[in-house]
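J.: I am attaching a structure below and will ask some questions about it afterwards.
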There are 2 protein chains.
Amino acid sequence: MVTDDTPARVSPTLDADVSFLLARASAITAAAGNRALAAVGLKVRSYSVLALAAEVGPSQRELAERLRLDPSQIVALVDALESGGYVERRQDPADRRARTVTATPAGVELFARARAAVDDAQRESFAAISDAESDVVRAFLQRIAYSDLS
Amino acid sequence: MVTDDTPARVSPTLDADVSFLLARASAITAAAGNRALAAVGLKVRSYSVLALAAEVGPSQRELAERLRLDPSQIVALVDALESGGYVERRQDPADRRARTVTATPAGVELFARARAAVDDAQRESFAAISDAESDVVRAFLQRIAYSDLS
DNA sequence: GTCAACAATTGACATTCTCAACGATTACTG
DNA sequence: CAGTAATCGTTGAGAATGTCAATTGTTGAC
């Protein structure tokens, strides 16, 4: 017989609410990510921008779409990375309105170190989860994260 | 043979980053929750406060701890619910500093409707997930969400 | 060639987070 | 028991974030 003897941690309803748990888990891992990235002078936001600059090299418009951010937020994020010498804006030869954001060699190197720091922190956070569980969780999260319900 | 033919949706690194996916999935489900709750005049934040008022009846301090919010944020959230007649502040007889937040009958009724709206929306969002997957995901999220790594 | 659409940017505004301070009350310590 | 430290709710300030409109330069369609 299975009964729920677990004392309420938040409230019975919220403890079982996947959306609530997502919000909370996200806040906790984001805080851990920011702590890990502070050593290399980044936050999760700038880290995500740097990742795209290093791995994709998109226009700022595409950056905004991929990260689901307002284009106006991209400006400040790219400004900060650019002033640090980690990315550069290049005029798209095919469309002079668009400016492409690509990582400089220093940016590529910083991204490698940042990624290592993030991986270390996550290995710690997610230590108790098996590979099989991890696959299920990742697949679930991707389905939700990339669903276009909004 | 398994190869990853999937085109990058964000970037190869971020597409596999559980923390990034958590943030994104959380943002999407929170937006869906707010949309569902707008019909009853709530947001996910006030909904979570109402849930605790209805199911637990904690002090504001405890409310802040359970929801991981700053005590100063609780004030405005309770103010709004109280002015709507859905919760009331009672002086804790054992500690006159503390004020207990409990749902009124109208609050209990509102919570029932709000919960139904949230459940409907989530049934839609999470339709494609099996019970077995759901259990794994919930267990994972609870482990992360309730880990006291910070 | 004109006009609508789009990219990046700026600025305004609301929301949220985080922190410090305060009055009232309680708990601790000698 | 007196005095001091800690706690609870509250207020207010400042940073970070989200959202949206307006502007300039450029492109594409008719």
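Each chain of the structure tokens is named A, B, ... in the order shown, its residues numbered from 1; ligands are numbered from 1 in display order.
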Only residues of chain A matter here; which ones have an atom within 8 Å of chain C, counting only C-alpha atoms (C1' of nucleotides)? Give them as a PyMOL selection string.

T.: chain A and resi 60-61+72+75+97-99

J.: Those residues you just picked out, can you put them in a file as a PDB file, in the first residue's frame with N, CA and C atoms?

T.:
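Wrote it out as part_11.pdb, contents follow:
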ATOM      1  N   GLN A  60      21.468  39.388 -34.271  1.00  0.00           N
ATOM      2  CA  GLN A  60      20.880  39.711 -32.974  1.00  0.00           C
ATOM      3  C   GLN A  60      19.392  39.359 -32.961  1.00  0.00           C
ATOM      4  N   ARG A  61      18.773  39.495 -34.081  1.00  0.00           N
ATOM      5  CA  ARG A  61      17.371  39.138 -34.182  1.00  0.00           C
ATOM      6  C   ARG A  61      17.176  37.647 -33.904  1.00  0.00           C
ATOM      7  N   SER A  72      15.560  44.169 -27.560  1.00  0.00           N
ATOM      8  CA  SER A  72      16.207  45.266 -26.830  1.00  0.00           C
ATOM      9  C   SER A  72      17.093  44.752 -25.697  1.00  0.00           C
ATOM     10  N   VAL A  75      20.761  43.831 -26.939  1.00  0.00           N
ATOM     11  CA  VAL A  75      21.719  44.929 -27.119  1.00  0.00           C
ATOM     12  C   VAL A  75      22.680  45.022 -25.937  1.00  0.00           C
ATOM     13  N   ARG A  97      21.237  45.642 -42.658  1.00  0.00           N
ATOM     14  CA  ARG A  97      20.526  45.970 -41.422  1.00  0.00           C
ATOM     15  C   ARG A  97      20.982  45.070 -40.288  1.00  0.00           C
ATOM     16  N   ALA A  98      21.264  43.825 -40.641  1.00  0.00           N
ATOM     17  CA  ALA A  98      21.542  42.811 -39.620  1.00  0.00           C
ATOM     18  C   ALA A  98      23.002  42.835 -39.186  1.00  0.00           C
ATOM     19  N   ARG A  99      23.208  42.560 -37.913  1.00  0.00           N
ATOM     20  CA  ARG A  99      24.564  42.469 -37.388  1.00  0.00           C
ATOM     21  C   ARG A  99      24.722  41.117 -36.729  1.00  0.00           C
TER      22      ARG A  99
END

J.: Taking only C-alpha atoms (C1' of nucleotides) into account, report as a PyMOL selection string which residues of chain D lie within 12 Å of chain B.

T.: chain D and resi 7-12+18

J.: As a PyMOL selection string, please: every residue in chain B that DSSP puts in strand (DSSP E).

T.: chain B and resi 87-91+99-103

J.: Produce a file of the selected residues containing N, CA, C and O atoms, as a short mmCIF file (atom, residue, chain, number, x, y, z; two decimals), in the first residue's frame.

T.:
data_model
loop_
_atom_site.label_atom_id
_atom_site.label_comp_id
_atom_site.auth_asym_id
_atom_site.auth_seq_id
_atom_site.Cartn_x
_atom_site.Cartn_y
_atom_site.Cartn_z
N VAL B 87 -8.40 36.13 1.73
CA VAL B 87 -7.64 35.66 2.89
C VAL B 87 -7.78 36.69 4.00
O VAL B 87 -8.18 37.83 3.76
N GLU B 88 -7.45 36.26 5.21
CA GLU B 88 -7.43 37.24 6.29
C GLU B 88 -6.19 37.02 7.16
O GLU B 88 -5.70 35.90 7.29
N ARG B 89 -5.70 38.11 7.70
CA ARG B 89 -4.57 38.04 8.64
C ARG B 89 -5.13 37.94 10.04
O ARG B 89 -5.94 38.78 10.44
N ARG B 90 -4.69 36.95 10.78
CA ARG B 90 -5.08 36.83 12.18
C ARG B 90 -3.84 36.88 13.04
O ARG B 90 -2.81 36.32 12.70
N GLN B 91 -3.99 37.55 14.16
CA GLN B 91 -2.86 37.60 15.06
C GLN B 91 -2.65 36.22 15.69
O GLN B 91 -3.60 35.62 16.18
N ARG B 99 1.60 37.07 12.20
CA ARG B 99 0.24 37.16 11.70
C ARG B 99 0.02 36.00 10.74
O ARG B 99 0.75 35.81 9.78
N THR B 100 -1.01 35.28 11.05
CA THR B 100 -1.35 34.06 10.32
C THR B 100 -2.23 34.41 9.13
O THR B 100 -3.12 35.25 9.23
N VAL B 101 -1.97 33.77 8.00
CA VAL B 101 -2.75 34.03 6.79
C VAL B 101 -3.62 32.81 6.48
O VAL B 101 -3.09 31.74 6.18
N THR B 102 -4.92 33.00 6.54
CA THR B 102 -5.83 31.89 6.26
C THR B 102 -6.86 32.31 5.22
O THR B 102 -7.22 33.47 5.13
N ALA B 103 -7.32 31.34 4.45
CA ALA B 103 -8.31 31.62 3.42
C ALA B 103 -9.68 31.77 4.04
O ALA B 103 -10.06 31.04 4.94
#

J.: Starting from chain A, keep only residues with some atom at most 6 Å from an atom of chain B, counting only C-alpha atoms, and report them as number ranges by chain.

T.: A: 10-11, 19, 21-26, 29, 52, 66, 137, 141, 144-145

J.: Put those residues in a file: N, CA and C atoms, as an mmCIF file, in the first residue's frame.

T.:
data_model
loop_
_atom_site.group_PDB
_atom_site.id
_atom_site.type_symbol
_atom_site.label_atom_id
_atom_site.label_comp_id
_atom_site.auth_asym_id
_atom_site.auth_seq_id
_atom_site.Cartn_x
_atom_site.Cartn_y
_atom_site.Cartn_z
ATOM 1 N N VAL A 10 5.630 22.422 0.892
ATOM 2 C CA VAL A 10 5.073 23.743 0.612
ATOM 3 C C VAL A 10 3.577 23.684 0.905
ATOM 4 N N SER A 11 2.858 22.964 0.074
ATOM 5 C CA SER A 11 1.456 22.662 0.369
ATOM 6 C C SER A 11 1.123 21.434 -0.458
ATOM 7 N N SER A 19 4.327 22.552 -12.679
ATOM 8 C CA SER A 19 4.704 23.899 -13.068
ATOM 9 C C SER A 19 5.375 24.639 -11.910
ATOM 10 N N LEU A 21 6.940 23.178 -9.425
ATOM 11 C CA LEU A 21 8.241 22.531 -9.211
ATOM 12 C C LEU A 21 9.259 22.975 -10.254
ATOM 13 N N LEU A 22 8.779 23.155 -11.481
ATOM 14 C CA LEU A 22 9.663 23.646 -12.537
ATOM 15 C C LEU A 22 10.209 25.020 -12.171
ATOM 16 N N ALA A 23 9.332 25.891 -11.725
ATOM 17 C CA ALA A 23 9.750 27.254 -11.383
ATOM 18 C C ALA A 23 10.796 27.219 -10.268
ATOM 19 N N ARG A 24 10.520 26.395 -9.287
ATOM 20 C CA ARG A 24 11.425 26.331 -8.148
ATOM 21 C C ARG A 24 12.761 25.693 -8.508
ATOM 22 N N ALA A 25 12.688 24.592 -9.231
ATOM 23 C CA ALA A 25 13.925 23.925 -9.646
ATOM 24 C C ALA A 25 14.736 24.846 -10.547
ATOM 25 N N SER A 26 14.046 25.562 -11.406
ATOM 26 C CA SER A 26 14.738 26.482 -12.300
ATOM 27 C C SER A 26 15.443 27.585 -11.519
ATOM 28 N N THR A 29 18.588 26.039 -9.821
ATOM 29 C CA THR A 29 19.710 25.733 -10.704
ATOM 30 C C THR A 29 20.267 26.999 -11.348
ATOM 31 N N LEU A 52 25.775 30.934 -28.004
ATOM 32 C CA LEU A 52 25.292 31.079 -29.373
ATOM 33 C C LEU A 52 26.310 31.774 -30.262
ATOM 34 N N ARG A 66 15.952 32.827 -30.558
ATOM 35 C CA ARG A 66 16.389 31.555 -29.977
ATOM 36 C C ARG A 66 16.358 31.573 -28.458
ATOM 37 N N VAL A 137 14.008 12.875 -18.265
ATOM 38 C CA VAL A 137 13.832 14.261 -17.836
ATOM 39 C C VAL A 137 14.182 15.217 -18.971
ATOM 40 N N LEU A 141 11.720 17.893 -20.693
ATOM 41 C CA LEU A 141 11.995 19.328 -20.661
ATOM 42 C C LEU A 141 12.075 19.901 -22.073
ATOM 43 N N ILE A 144 8.607 20.398 -23.472
ATOM 44 C CA ILE A 144 7.949 21.594 -22.939
ATOM 45 C C ILE A 144 8.665 22.859 -23.407
ATOM 46 N N ALA A 145 9.983 22.863 -23.280
ATOM 47 C CA ALA A 145 10.759 24.083 -23.552
ATOM 48 C C ALA A 145 10.640 24.507 -25.014
#

J.: What's the separation between CA of Asn34 (chain A) and CA of Arg123 (chain A), in Å to one decimal place?

T.: 15.0 Å

J.: CA of Pro7 (chain A) and CA of Ala117 (chain B), how far apart in Å?

T.: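 Atom-to-atom, CA of Ala117 (chain B) and CA of Pro7 (chain A) are spaced 25.6 Å apart.
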
J.: Figure out the distance between CA of Val40 (chain B) and CA of Arg113 (chain B), please, to one decimal in Å.

T.: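 Atom-to-atom, CA of Arg113 (chain B) and CA of Val40 (chain B) are spaced 7.5 Å apart.
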